[in-house]
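With compact mmCIF, C-alpha atoms inside, this is query12.txt:
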# COMPACT_ATOMS: atom_id res chain seq x y z
CA MET A 1 -1.96 26.18 -86.55
CA THR A 2 -2.89 26.09 -82.88
CA THR A 3 -2.23 28.98 -80.51
CA SER A 4 0.72 27.17 -78.96
CA MET A 5 2.23 26.55 -82.40
CA TRP A 6 1.91 30.26 -83.20
CA PHE A 7 3.83 31.08 -80.01
CA GLN A 8 6.45 28.51 -80.99
CA ALA A 9 6.73 30.00 -84.48
CA ILE A 10 7.17 33.49 -83.03
CA GLY A 11 9.81 32.17 -80.64
CA ILE A 12 11.75 30.49 -83.47
CA LEU A 13 11.53 33.66 -85.57
CA LEU A 14 12.83 35.79 -82.68
CA VAL A 15 15.73 33.39 -82.09
CA PHE A 16 16.57 33.51 -85.78
CA LEU A 17 16.51 37.33 -85.89
CA VAL A 18 18.67 37.61 -82.77
CA PHE A 19 21.30 35.23 -84.13
CA VAL A 20 21.32 36.87 -87.56
CA GLY A 21 21.85 40.20 -85.81
CA LEU A 22 24.74 38.76 -83.80
CA MET A 23 26.33 37.35 -86.96
CA MET A 24 25.88 40.63 -88.85
CA ALA A 25 27.45 42.56 -85.96
CA ARG A 26 30.30 40.02 -85.86
CA LYS A 27 29.53 39.29 -82.23
CA LEU A 28 29.08 35.56 -82.83
CA PRO A 29 30.75 33.49 -85.58
CA THR A 30 28.52 31.49 -87.89
CA ILE A 31 30.30 28.28 -86.88
CA LEU A 32 28.83 28.65 -83.37
CA ALA A 33 25.60 30.40 -84.32
CA LEU A 34 24.22 27.58 -86.49
CA PRO A 35 24.33 24.75 -83.92
CA CYS A 36 23.09 27.12 -81.21
CA MET A 37 20.11 28.06 -83.39
CA ALA A 38 19.47 24.38 -84.11
CA ILE A 39 19.30 23.50 -80.41
CA LEU A 40 17.09 26.48 -79.51
CA PHE A 41 14.72 25.78 -82.44
CA ALA A 42 14.34 22.22 -81.21
CA ILE A 43 13.79 23.23 -77.57
CA ILE A 44 11.12 25.78 -78.54
CA ALA A 45 9.35 23.22 -80.74
CA GLY A 46 9.33 20.67 -77.93
CA VAL A 47 11.95 18.18 -79.15
CA PRO A 48 13.13 16.09 -76.15
CA TRP A 49 16.82 16.12 -75.23
CA MET A 50 17.06 12.32 -75.14
CA SER A 51 14.76 9.36 -75.69
CA ASN A 52 15.05 5.63 -75.07
CA ASN A 53 12.88 5.05 -78.14
CA PRO A 54 15.16 5.00 -81.23
CA ASP A 55 12.24 6.08 -83.42
CA VAL A 56 11.70 9.32 -81.46
CA THR A 57 13.54 12.44 -82.60
CA SER A 58 15.82 13.81 -79.89
CA ILE A 59 18.26 16.70 -79.68
CA ALA A 60 21.21 14.59 -78.53
CA LYS A 61 20.94 11.72 -80.98
CA THR A 62 19.01 12.97 -84.03
CA ILE A 63 20.03 16.62 -84.22
CA LEU A 64 23.53 16.79 -82.72
CA ALA A 65 24.93 13.31 -83.42
CA GLY A 66 23.02 12.62 -86.63
CA GLY A 67 23.20 16.20 -87.90
CA SER A 68 26.95 16.44 -87.52
CA MET A 69 27.27 13.58 -90.04
CA LYS A 70 24.49 14.72 -92.34
CA LEU A 71 26.74 16.54 -94.82
CA SER A 72 29.55 13.97 -94.74
CA GLY A 73 29.44 13.68 -98.52
CA ALA A 74 29.76 17.44 -98.93
CA ILE A 75 32.63 17.54 -96.44
CA ALA A 76 34.44 14.79 -98.38
CA GLY A 77 34.00 16.75 -101.61
CA LEU A 78 35.36 19.85 -99.90
CA VAL A 79 38.44 18.04 -98.61
CA PHE A 80 39.29 16.49 -101.96
CA GLY A 81 38.72 19.81 -103.73
CA ALA A 82 41.12 21.55 -101.35
CA TRP A 83 43.64 18.73 -101.86
CA PHE A 84 43.47 19.21 -105.62
CA GLY A 85 43.96 22.97 -105.21
CA GLN A 86 47.10 22.45 -103.16
CA ILE A 87 48.46 20.03 -105.78
CA LEU A 88 47.95 22.66 -108.50
CA ASN A 89 49.79 25.16 -106.34
CA LYS A 90 52.68 22.88 -105.43
CA VAL A 91 53.46 21.80 -108.99
CA GLY A 92 53.38 25.42 -110.19
CA ILE A 93 50.29 25.30 -112.38
CA THR A 94 48.40 28.09 -110.61
CA LYS A 95 51.17 30.67 -110.99
CA SER A 96 51.99 29.51 -114.53
CA ILE A 97 48.42 30.17 -115.66
CA ILE A 98 48.50 33.65 -114.13
CA ARG A 99 51.86 34.47 -115.75
CA LYS A 100 50.55 33.35 -119.16
CA ALA A 101 47.54 35.62 -118.77
CA ALA A 102 49.75 38.56 -117.78
CA GLU A 103 52.00 38.03 -120.81
CA LEU A 104 49.02 37.87 -123.17
CA ALA A 105 47.44 41.05 -121.77
CA GLY A 106 50.44 43.32 -122.30
CA ASP A 107 49.78 46.84 -121.04
CA LYS A 108 46.05 47.09 -121.82
CA PRO A 109 44.05 47.58 -118.58
CA VAL A 110 40.74 46.23 -119.92
CA LEU A 111 42.41 43.17 -121.40
CA ILE A 112 44.44 42.61 -118.23
CA ALA A 113 41.31 42.72 -116.05
CA ILE A 114 39.29 40.44 -118.34
CA LEU A 115 42.07 37.89 -118.74
CA PHE A 116 42.69 37.80 -115.00
CA PHE A 117 38.95 37.40 -114.41
CA ILE A 118 38.85 34.41 -116.80
CA THR A 119 42.09 32.96 -115.44
CA ALA A 120 41.09 33.27 -111.79
CA SER A 121 37.64 31.83 -112.56
CA ILE A 122 39.29 28.73 -114.03
CA ILE A 123 41.57 28.40 -111.02
CA PHE A 124 38.71 28.84 -108.53
CA SER A 125 36.64 26.27 -110.44
CA ALA A 126 39.26 23.73 -109.40
CA ALA A 127 40.04 25.01 -105.92
CA GLY A 128 38.23 27.39 -103.60
CA GLY A 129 38.84 28.62 -100.10
CA LEU A 130 40.52 31.67 -98.65
CA GLY A 131 44.00 30.23 -99.13
CA MET A 132 43.59 30.00 -102.90
CA VAL A 133 42.03 33.48 -103.05
CA ILE A 134 45.05 34.88 -101.20
CA LEU A 135 47.46 33.01 -103.47
CA VAL A 136 45.82 34.29 -106.65
CA GLY A 137 45.01 37.74 -105.28
CA THR A 138 48.55 38.53 -104.12
CA ILE A 139 49.74 37.92 -107.69
CA VAL A 140 47.03 39.47 -109.88
CA ILE A 141 45.99 42.47 -107.76
CA PRO A 142 49.42 44.17 -107.75
CA ILE A 143 49.66 43.70 -111.52
CA MET A 144 46.26 45.34 -112.02
CA LEU A 145 47.05 48.21 -109.65
CA THR A 146 50.36 48.98 -111.35
CA ALA A 147 48.55 48.84 -114.71
CA GLY A 148 46.44 51.79 -113.58
CA ILE A 149 43.34 49.78 -112.70
CA SER A 150 41.54 51.20 -109.66
CA GLN A 151 41.51 49.46 -106.29
CA PHE A 152 37.78 48.83 -106.59
CA VAL A 153 38.03 47.21 -110.03
CA ALA A 154 40.99 45.08 -108.94
CA SER A 155 38.89 43.93 -105.99
CA ILE A 156 35.81 43.01 -108.00
CA VAL A 157 37.84 41.15 -110.65
CA VAL A 158 38.92 38.70 -107.95
CA LEU A 159 35.51 38.58 -106.23
CA LEU A 160 33.63 38.01 -109.50
CA ALA A 161 36.06 35.23 -110.35
CA VAL A 162 35.33 33.65 -106.96
CA GLY A 163 31.61 33.78 -107.78
CA VAL A 164 31.98 32.23 -111.23
CA GLY A 165 34.55 29.68 -110.11
CA SER A 166 32.41 28.49 -107.20
CA LEU A 167 29.57 27.67 -109.60
CA PHE A 168 31.80 25.30 -111.58
CA ASN A 169 33.70 23.96 -108.56
CA VAL A 170 32.24 20.47 -108.34
CA SER A 171 33.29 20.05 -104.72
CA ASN A 172 30.65 22.66 -103.81
CA TRP A 173 27.87 20.67 -105.46
CA ALA A 174 27.88 17.98 -102.79
CA VAL A 175 25.86 20.29 -100.52
CA TYR A 176 22.93 20.10 -102.94
CA VAL A 177 23.38 16.35 -103.30
CA ASP A 178 23.16 15.85 -99.53
CA VAL A 179 20.47 18.44 -98.77
CA LEU A 180 18.11 18.02 -101.74
CA GLY A 181 18.94 14.48 -102.87
CA LEU A 182 19.84 15.56 -106.41
CA SER A 183 22.25 13.68 -108.64
CA VAL A 184 25.49 15.33 -109.76
CA ASP A 185 24.52 15.20 -113.44
CA LYS A 186 21.20 16.92 -112.65
CA ILE A 187 23.10 19.77 -110.95
CA ALA A 188 25.51 19.93 -113.90
CA ASN A 189 22.60 20.29 -116.33
CA TYR A 190 21.54 23.58 -114.71
CA THR A 191 24.96 25.06 -113.97
CA LEU A 192 25.19 27.14 -117.14
CA VAL A 193 21.78 28.67 -116.36
CA VAL A 194 23.23 30.35 -113.26
CA ALA A 195 26.81 30.76 -114.53
CA LEU A 196 26.40 32.40 -117.95
CA PRO A 197 24.40 35.42 -116.68
CA LEU A 198 27.01 36.06 -113.97
CA ILE A 199 29.84 35.78 -116.52
CA LEU A 200 28.10 38.23 -118.85
CA ILE A 201 27.29 40.67 -116.05
CA SER A 202 30.87 40.39 -114.74
CA LEU A 203 32.42 41.28 -118.11
CA ILE A 204 30.07 44.25 -118.57
CA MET A 205 30.73 45.39 -115.00
CA ILE A 206 34.52 45.20 -115.35
CA VAL A 207 34.56 47.18 -118.61
CA PHE A 208 32.05 49.73 -117.27
CA TYR A 209 34.02 50.54 -114.13
CA ILE A 210 37.39 50.63 -115.90
CA LYS A 211 35.98 53.12 -118.41
CA LYS A 212 34.31 55.07 -115.62
CA ASP A 213 37.40 55.21 -113.39
CA GLY A 214 39.83 55.94 -116.22
CA LYS A 215 42.84 53.94 -117.26
CA GLY A 216 45.36 55.70 -115.01
CA ARG A 217 49.02 54.78 -115.35
CA LYS A 218 50.02 52.50 -118.17
CA ALA A 219 53.28 51.07 -116.83
CA TRP A 220 53.02 47.75 -115.08
CA ALA A 221 55.26 45.02 -113.80
CA MET A 222 55.05 41.53 -112.38
CA PRO A 223 55.22 41.40 -108.57
CA ALA A 224 58.45 40.34 -106.92
CA ALA A 225 59.35 36.73 -107.49
CA THR A 226 58.75 34.22 -104.72
CA PRO A 227 60.20 30.76 -104.17
CA GLY A 228 58.75 28.30 -106.69
CA ASP A 229 57.89 30.93 -109.31
CA ASN A 230 60.44 29.53 -111.74
CA LYS A 231 59.00 26.03 -111.86
CA LYS A 232 58.83 24.78 -115.43
CA VAL A 233 55.35 23.53 -116.22
CA PRO A 234 54.54 21.83 -119.56
CA ALA A 235 51.95 23.78 -121.53
CA ILE A 236 49.64 20.76 -121.70
CA ALA A 237 49.54 20.67 -117.88
CA LEU A 238 47.74 24.02 -117.79
CA ILE A 239 44.49 22.20 -118.63
CA SER A 240 44.66 20.33 -115.32
CA PRO A 241 42.22 22.60 -113.40
CA LEU A 242 39.53 21.78 -115.96
CA VAL A 243 39.88 17.99 -115.76
CA PRO A 244 37.44 17.40 -112.83
CA VAL A 245 34.92 19.83 -114.34
CA ILE A 246 35.02 18.05 -117.72
CA LEU A 247 34.71 14.64 -116.08
CA VAL A 248 31.61 15.72 -114.17
CA PHE A 249 29.95 17.67 -117.00
CA VAL A 250 30.74 15.37 -119.93
CA PHE A 251 31.24 11.92 -118.43
CA LYS A 252 28.86 12.30 -115.45
CA ILE A 253 31.48 11.03 -112.99
CA ASP A 254 30.84 11.66 -109.29
CA ILE A 255 32.68 14.47 -107.53
CA VAL A 256 35.30 12.64 -105.46
CA PRO A 257 36.51 10.26 -108.21
CA ALA A 258 36.57 13.15 -110.68
CA VAL A 259 38.84 15.15 -108.37
CA ILE A 260 41.09 12.13 -107.73
CA ILE A 261 41.47 11.54 -111.48
CA GLY A 262 42.23 15.26 -111.91
CA ALA A 263 44.97 15.01 -109.28
CA ILE A 264 46.51 11.95 -110.95
CA VAL A 265 46.43 13.63 -114.37
CA THR A 266 48.10 16.72 -112.89
CA ILE A 267 50.93 14.66 -111.40
CA LEU A 268 51.42 12.69 -114.62
CA LEU A 269 51.50 15.83 -116.79
CA THR A 270 53.95 17.71 -114.56
CA TRP A 271 55.82 14.76 -112.99
CA PRO A 272 57.37 16.80 -110.16
CA LYS A 273 60.16 15.69 -107.87
CA ARG A 274 58.83 13.60 -104.98
CA PRO A 275 55.23 13.19 -106.29
CA ILE A 276 54.21 11.04 -103.32
CA HIS A 277 55.31 13.78 -100.92
CA ILE A 278 53.33 16.36 -102.90
CA LEU A 279 50.18 14.23 -102.80
CA SER A 280 50.43 13.60 -99.05
CA SER A 281 51.44 17.12 -98.00
CA ALA A 282 48.77 18.62 -100.27
CA MET A 283 46.11 16.61 -98.44
CA ILE A 284 47.24 17.86 -95.03
CA GLU A 285 47.54 21.49 -96.15
CA GLY A 286 44.26 21.26 -98.05
CA ILE A 287 42.44 20.12 -94.91
CA GLN A 288 43.98 23.04 -93.03
CA ASP A 289 42.69 25.41 -95.72
CA VAL A 290 39.10 24.20 -95.41
CA ALA A 291 38.97 23.42 -91.69
CA GLY A 292 36.68 26.40 -91.09
CA ALA A 293 34.38 25.43 -93.96
CA MET A 294 34.24 21.85 -92.67
CA ALA A 295 33.17 23.09 -89.23
CA LEU A 296 30.57 25.30 -90.93
CA MET A 297 29.19 22.30 -92.83
CA ILE A 298 28.87 20.35 -89.59
CA GLY A 299 26.87 23.28 -88.19
CA ILE A 300 24.71 23.37 -91.32
CA GLY A 301 24.02 19.64 -90.97
CA ILE A 302 22.97 20.09 -87.33
CA LEU A 303 20.71 23.01 -88.26
CA LEU A 304 19.28 21.04 -91.18
CA SER A 305 18.44 18.11 -88.88
CA SER A 306 16.75 20.53 -86.50
CA VAL A 307 14.51 22.28 -89.02
CA MET A 308 13.62 18.96 -90.66
CA SER A 309 12.64 17.32 -87.35
CA PRO A 310 8.88 16.63 -87.17
CA GLN A 311 8.32 19.10 -84.33
CA VAL A 312 10.21 22.06 -85.84
CA SER A 313 8.98 21.34 -89.36
CA ALA A 314 5.37 21.29 -88.14
CA VAL A 315 5.85 24.81 -86.76
CA ILE A 316 7.77 26.32 -89.68
CA SER A 317 6.20 24.54 -92.69
CA PRO A 318 2.84 26.41 -92.60
CA LEU A 319 4.72 29.71 -92.72
CA ILE A 320 6.87 28.48 -95.63
CA GLU A 321 3.83 27.20 -97.52
CA SER A 322 2.13 30.58 -97.20
CA VAL A 323 4.93 32.37 -99.06
CA LEU A 324 5.97 29.58 -101.45
CA PRO A 325 5.87 30.83 -105.09
CA GLY A 326 3.56 28.67 -107.17
CA ASN A 327 4.17 29.88 -110.73
CA PRO A 328 7.15 31.02 -112.84
CA VAL A 329 6.48 34.76 -112.48
CA MET A 330 6.17 34.63 -108.69
CA TYR A 331 9.21 32.34 -108.53
CA ILE A 332 11.28 34.91 -110.44
CA LEU A 333 10.04 37.90 -108.43
CA PHE A 334 10.25 36.13 -105.05
CA PHE A 335 13.85 35.01 -105.27
CA THR A 336 15.13 38.08 -107.16
CA ILE A 337 13.66 40.58 -104.70
CA LEU A 338 14.75 38.50 -101.70
CA SER A 339 18.20 37.62 -103.09
CA PRO A 340 19.90 40.11 -100.68
CA LEU A 341 18.81 37.72 -97.92
CA ALA A 342 21.72 35.55 -99.04
CA ILE A 343 24.20 38.03 -97.55
CA TYR A 344 25.03 38.46 -93.85
CA ARG A 345 24.38 34.72 -93.38
CA GLY A 346 20.71 35.32 -94.10
CA PRO A 347 17.94 32.78 -94.69
CA LEU A 348 18.80 32.27 -98.37
CA ASN A 349 22.50 31.67 -97.73
CA VAL A 350 23.26 28.02 -98.51
CA TRP A 351 26.18 28.27 -96.03
CA GLY A 352 23.74 29.22 -93.30
CA LEU A 353 20.02 28.74 -92.79
CA GLY A 354 19.47 28.49 -96.55
CA SER A 355 20.02 24.73 -96.66
CA GLY A 356 17.27 24.20 -94.09
CA ILE A 357 14.94 26.65 -95.84
CA ALA A 358 15.51 24.86 -99.16
CA ALA A 359 14.66 21.52 -97.57
CA LEU A 360 11.47 23.05 -96.16
CA PHE A 361 10.59 24.46 -99.59
CA VAL A 362 10.84 20.94 -100.99
CA SER A 363 8.78 19.44 -98.17
CA ALA A 364 6.16 22.16 -98.82
CA GLY A 365 5.83 21.18 -102.48
CA MET A 366 8.61 22.85 -104.48
CA THR A 367 10.63 20.51 -106.67
CA PRO A 368 14.23 19.86 -105.57
CA VAL A 369 15.51 21.21 -108.90
CA ALA A 370 13.60 24.48 -108.47
CA ALA A 371 14.96 24.87 -104.93
CA MET A 372 18.49 24.11 -106.07
CA LEU A 373 18.29 26.55 -108.98
CA ALA A 374 16.99 29.33 -106.73
CA LEU A 375 19.70 28.81 -104.11
CA ARG A 376 22.48 28.64 -106.72
CA ALA A 377 21.18 31.79 -108.43
CA VAL A 378 21.06 33.84 -105.22
CA SER A 379 24.47 32.47 -104.27
CA ASN A 380 25.87 34.83 -106.93
CA VAL A 381 24.88 37.70 -104.63
CA GLN A 382 26.47 35.99 -101.64
CA SER A 383 29.72 34.97 -103.37
CA VAL A 384 30.48 38.43 -104.74
CA SER A 385 28.80 40.99 -102.50
CA ASP A 386 28.59 39.54 -98.98
CA PRO A 387 30.84 41.55 -96.61
CA THR A 388 30.88 38.64 -94.16
CA ASN A 389 32.77 36.43 -96.63
CA SER A 390 36.36 35.86 -95.54
CA HIS A 391 37.53 36.41 -99.12
CA ASN A 392 35.68 39.75 -99.34
CA VAL A 393 37.31 40.87 -96.10
CA TRP A 394 40.78 39.87 -97.29
CA VAL A 395 40.43 41.45 -100.75
CA ALA A 396 39.11 44.73 -99.32
CA ASP A 397 41.96 44.85 -96.81
CA PHE A 398 44.62 43.96 -99.40
CA THR A 399 43.46 46.64 -101.87
CA LYS A 400 42.67 49.15 -99.10
CA SER A 401 39.06 49.35 -100.33
CA ASP A 402 35.86 49.96 -98.35
CA ILE A 403 34.11 46.60 -98.00
CA ASN A 404 30.71 48.31 -97.72
CA GLU A 405 31.37 50.24 -100.93
CA ILE A 406 32.03 46.91 -102.65
CA LEU A 407 28.66 45.69 -101.36
CA LYS A 408 26.78 48.79 -102.53
CA LYS A 409 28.36 48.88 -105.99
CA THR A 410 28.17 45.16 -106.75
CA LEU A 411 24.74 44.30 -105.31
CA PRO A 412 22.62 45.77 -108.18
CA TRP A 413 24.77 43.89 -110.72
CA THR A 414 24.66 40.56 -108.91
CA MET A 415 20.89 40.91 -108.42
CA ALA A 416 20.62 41.47 -112.18
CA SER A 417 22.45 38.17 -112.75
CA VAL A 418 19.97 36.47 -110.39
CA LEU A 419 17.05 37.92 -112.36
CA ILE A 420 18.41 36.71 -115.71
CA SER A 421 19.17 33.23 -114.33
CA LEU A 422 15.71 32.88 -112.84
CA ILE A 423 13.96 34.08 -116.01
CA PHE A 424 15.62 31.30 -117.98
CA GLY A 425 15.46 28.76 -115.18
CA ALA A 426 11.86 29.30 -114.11
CA PHE A 427 10.40 28.07 -117.36
CA MET A 428 12.65 25.00 -117.23
CA VAL A 429 11.56 23.85 -113.79
CA PHE A 430 7.85 24.75 -113.77

Can you present the structure in this file as structure tokens?
Amino acid sequence: MTTSMWFQAIGILLVFLVFVGLMMARKLPTILALPCMAILFAIIAGVPWMSNNPDVTSIAKTILAGGSMKLSGAIAGLVFGAWFGQILNKVGITKSIIRKAAELAGDKPVLIAILFFITASIIFSAAGGLGMVILVGTIVIPIMLTAGISQFVASIVVLLAVGVGSLFNVSNWAVYVDVLGLSVDKIANYTLVVALPLILISLIMIVFYIKKDGKGRKAWAMPAATPGDNKKVPAIALISPLVPVILVFVFKIDIVPAVIIGAIVTILLTWPKRPIHILSSAMIEGIQDVAGAMALMIGIGILLSSVMSPQVSAVISPLIESVLPGNPVMYILFFTILSPLAIYRGPLNVWGLGSGIAALFVSAGMTPVAAMLALRAVSNVQSVSDPTNSHNVWVADFTKSDINEILKKTLPWTMASVLISLIFGAFMVF
């Protein structure tokens, strides 16, 4: 690298650290921070604002205009996933699954927590977003609290379910399809490698903290009924959340058609009044639920276009190459030790700079599968422990828990799940 490139690299690093600090301090939302970083990275690296030559990379056309459309496939997957989640809610399937779990658990705190963890994981595998977390959380958390389960354990049951569910939620996979160019079936083949360790760690963690905190009171009751709680749902319809997952895993169907088929199956199995109205209103409400995530994906696309531009890539790539792990042991140690960088919108957060970093890893010589596996493994830390997640903030507020205590107590466990995933995964991708 030339002297000028070193100055550019230092400038980009300083910009990155400043913006990460602003995001951590909640002074600047990630939605605005990502495109601002993208523009500043490009300016520092010498990317022109505009160019009459269509083959020349420019900030206006390539980074802003092109980048905003870069994750269009991922955004479509997100929209259809949110639509499906609203359909499940409107026909009564979500609450029916939770009620069945509560009835099966009886008055046993450990069984209640484990069944709610499994149930919520299934629900979140079909539909993510803060709206669904609030819907599920407002039902299951009061039941757990009145069963004598501590506020902390009630919180982590929901957060761990979010982590597990997000791994199986096929609408989330489109990010890796767009960023790394992987096929859906390739992503599906490695999902259990990152999911099973988190499931195992979650079950151990739940039992450990319930035993440690004590069982408390044994009496429990369902929360007060709300409109729509009495909807009759056929038992066979309770499999609906799994339909898109099965279609993707078993039949290798792409994300959007799998979700559409899942929605049709749900309507046919429940046959609600005014099905057309449910389908149309669910789409509108689903888009409202994920509007923030859609804006975030646009910002990620802009940032991705910036870091992958020839000028910025030429500055950053030598630094990436110098730290790139080249064998299974270094791969395991590198991403396990640095997995906390996935929180606070850090450089390994796929919903932040992580997508751009992963693309640079690939351009520096790492296989797309290895980059995908690493990002998905460290996402377990982000999904469960990150205090900047909207669902972490809501859960902590709802249970009156300390969000930083949740971070401190869950981080060693989620890092352990990363380690296990990478041990198995490293020898599959190297």

Name the residues in contact with A:Leu13 at a cut-off of 12 Å, using only C-alpha atoms, excluding same-chain residues fewer than 4 positions from it; report them as a count of residues only.
18

Atomic distance atom CA of A:Phe251 - atom CA of A:Arg376, expressed in Å with one decimal
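So the answer is 22.2 Å.
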
Report as JSON, numbers by chain all protein, DNA and RNA residues lying within 10 Å of A:Lys211, evaluated on only C-alpha atoms, omitting residues in the same chain fewer than 6 positions from it.
{"A": [109, 110, 149, 205]}

Need the shell around A:Ser166: protein/DNA/RNA residues with any atom at most 7 Å away, counting only C-alpha atoms. Skip same-chain ones fewer than 2 positions apart. Format as a ChimeraX atom specification?
/A:124-125,128,162-164,168-169,172

May I have the residues within 9 Å of A:Leu411 as a tab-separated table (two decimals) with C-alpha atoms, in the frame of the given file, using only C-alpha atoms and disregarding those fewer than 3 positions away in the same chain?
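Everything below was put into part18.tsv:
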chain	number	residue	atom	x	y	z
A	340	PRO	CA	19.90	40.11	-100.68
A	381	VAL	CA	24.88	37.70	-104.63
A	384	VAL	CA	30.48	38.43	-104.74
A	385	SER	CA	28.80	40.99	-102.50
A	386	ASP	CA	28.59	39.54	-98.98
A	406	ILE	CA	32.03	46.91	-102.65
A	407	LEU	CA	28.66	45.69	-101.36
A	408	LYS	CA	26.78	48.79	-102.53
A	414	THR	CA	24.66	40.56	-108.91
A	415	MET	CA	20.89	40.91	-108.42
A	416	ALA	CA	20.62	41.47	-112.18

So what do you get for atom CA of A:Val350 versus atom CA of A:Ser58, distance-wise?
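Separation of atom CA of A:Val350 and atom CA of A:Ser58: 24.6 Å.
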
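Taking only C-alpha atoms, the non-local environment of A:Leu32 within 10 Å (same-chain residues fewer than 5 positions away omitted) comprises A:Met23, A:Met37, A:Ala295, A:Leu296, A:Gly299.
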
Nearest to A:Ser309 among A:Ile59, A:Ala126, A:Ile31, A:Val418, with distances taken over only C-alpha atoms: which residue is it?
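Distance minimum relative to A:Ser309 lands on A:Ile59.
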
Compare A:Asn349, A:Thr62, A:Ile141, A:Ala113 by their minimum atom-to-atom distance to A:Phe398, counting all atoms listed in the file, and give me the closest one.
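Smallest distance to A:Phe398 is found for A:Ile141.
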
Using all atoms listed in the file, which of the listed residues (A:Leu247, A:Val177, A:Ala188, A:Ala237) sits closest to A:Ile260?
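Once distances to A:Ile260 are computed over all atoms listed in the file, the minimum belongs to A:Leu247.
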
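Counting from atom CA of A:Val15, the distance to atom CA of A:Gly46 is 14.8 Å.
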
Counting all atoms listed in the file, select every polymer residue within 10 Å of (39.3, 46.1, -107.7) as defined in the file's coordinates, and provide the selection as a PDB file with C-alpha atoms, keeping the file's coordinate frame.
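That gives us result.pdb:
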ATOM      1  CA  ALA A 113      41.310  42.720-116.050  1.00  0.00           C
ATOM      2  CA  ILE A 141      45.990  42.470-107.760  1.00  0.00           C
ATOM      3  CA  MET A 144      46.260  45.340-112.020  1.00  0.00           C
ATOM      4  CA  LEU A 145      47.050  48.210-109.650  1.00  0.00           C
ATOM      5  CA  ILE A 149      43.340  49.780-112.700  1.00  0.00           C
ATOM      6  CA  SER A 150      41.540  51.200-109.660  1.00  0.00           C
ATOM      7  CA  GLN A 151      41.510  49.460-106.290  1.00  0.00           C
ATOM      8  CA  PHE A 152      37.780  48.830-106.590  1.00  0.00           C
ATOM      9  CA  VAL A 153      38.030  47.210-110.030  1.00  0.00           C
ATOM     10  CA  ALA A 154      40.990  45.080-108.940  1.00  0.00           C
ATOM     11  CA  SER A 155      38.890  43.930-105.990  1.00  0.00           C
ATOM     12  CA  ILE A 156      35.810  43.010-108.000  1.00  0.00           C
ATOM     13  CA  VAL A 157      37.840  41.150-110.650  1.00  0.00           C
ATOM     14  CA  VAL A 158      38.920  38.700-107.950  1.00  0.00           C
ATOM     15  CA  LEU A 159      35.510  38.580-106.230  1.00  0.00           C
ATOM     16  CA  ILE A 206      34.520  45.200-115.350  1.00  0.00           C
ATOM     17  CA  TYR A 209      34.020  50.540-114.130  1.00  0.00           C
ATOM     18  CA  ILE A 210      37.390  50.630-115.900  1.00  0.00           C
ATOM     19  CA  VAL A 395      40.430  41.450-100.750  1.00  0.00           C
ATOM     20  CA  ALA A 396      39.110  44.730 -99.320  1.00  0.00           C
ATOM     21  CA  THR A 399      43.460  46.640-101.870  1.00  0.00           C
ATOM     22  CA  LYS A 400      42.670  49.150 -99.100  1.00  0.00           C
ATOM     23  CA  SER A 401      39.060  49.350-100.330  1.00  0.00           C
ATOM     24  CA  ILE A 406      32.030  46.910-102.650  1.00  0.00           C
TER      25      ILE A 406
END

Tell me which of A:Phe208, A:Phe84, A:Phe116, A:Tyr190 sits closest to A:Met132, counting all atoms listed in the file.
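For A:Met132, the nearest of the candidates is A:Phe84.
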
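The shortest atom-to-atom distance to A:Gly67, with all atoms listed in the file taken into account, belongs to A:Leu34 out of A:Ser280, A:Gly286, A:Ser183, A:Leu34.
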
Between A:Gly425, A:Pro412, A:Pro35, A:Gly292, which one has atoms that come closest to A:Tyr331, using only C-alpha atoms?
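Closest candidate: A:Gly425.
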
How big is the axis-aligned box around the listed atoms of stretch 73-77 of chain A once 6 Å is added on each side, and where is its centre? Give both in Å to one decimal, as JSON.
{"center_x": 31.9, "center_y": 15.6, "center_z": -99.0, "size_x": 17.0, "size_y": 15.9, "size_z": 17.2}

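Look at everything within 10 Å of (6.9, 29.6, -95.1) using all atoms listed in the file, and the residues you get are Val315, Ile316, Ser317, Pro318, Leu319, Ile320, Glu321, Ser322, Val323, Leu324, Ile357, Leu360, Phe361 and Ala364 of chain A.
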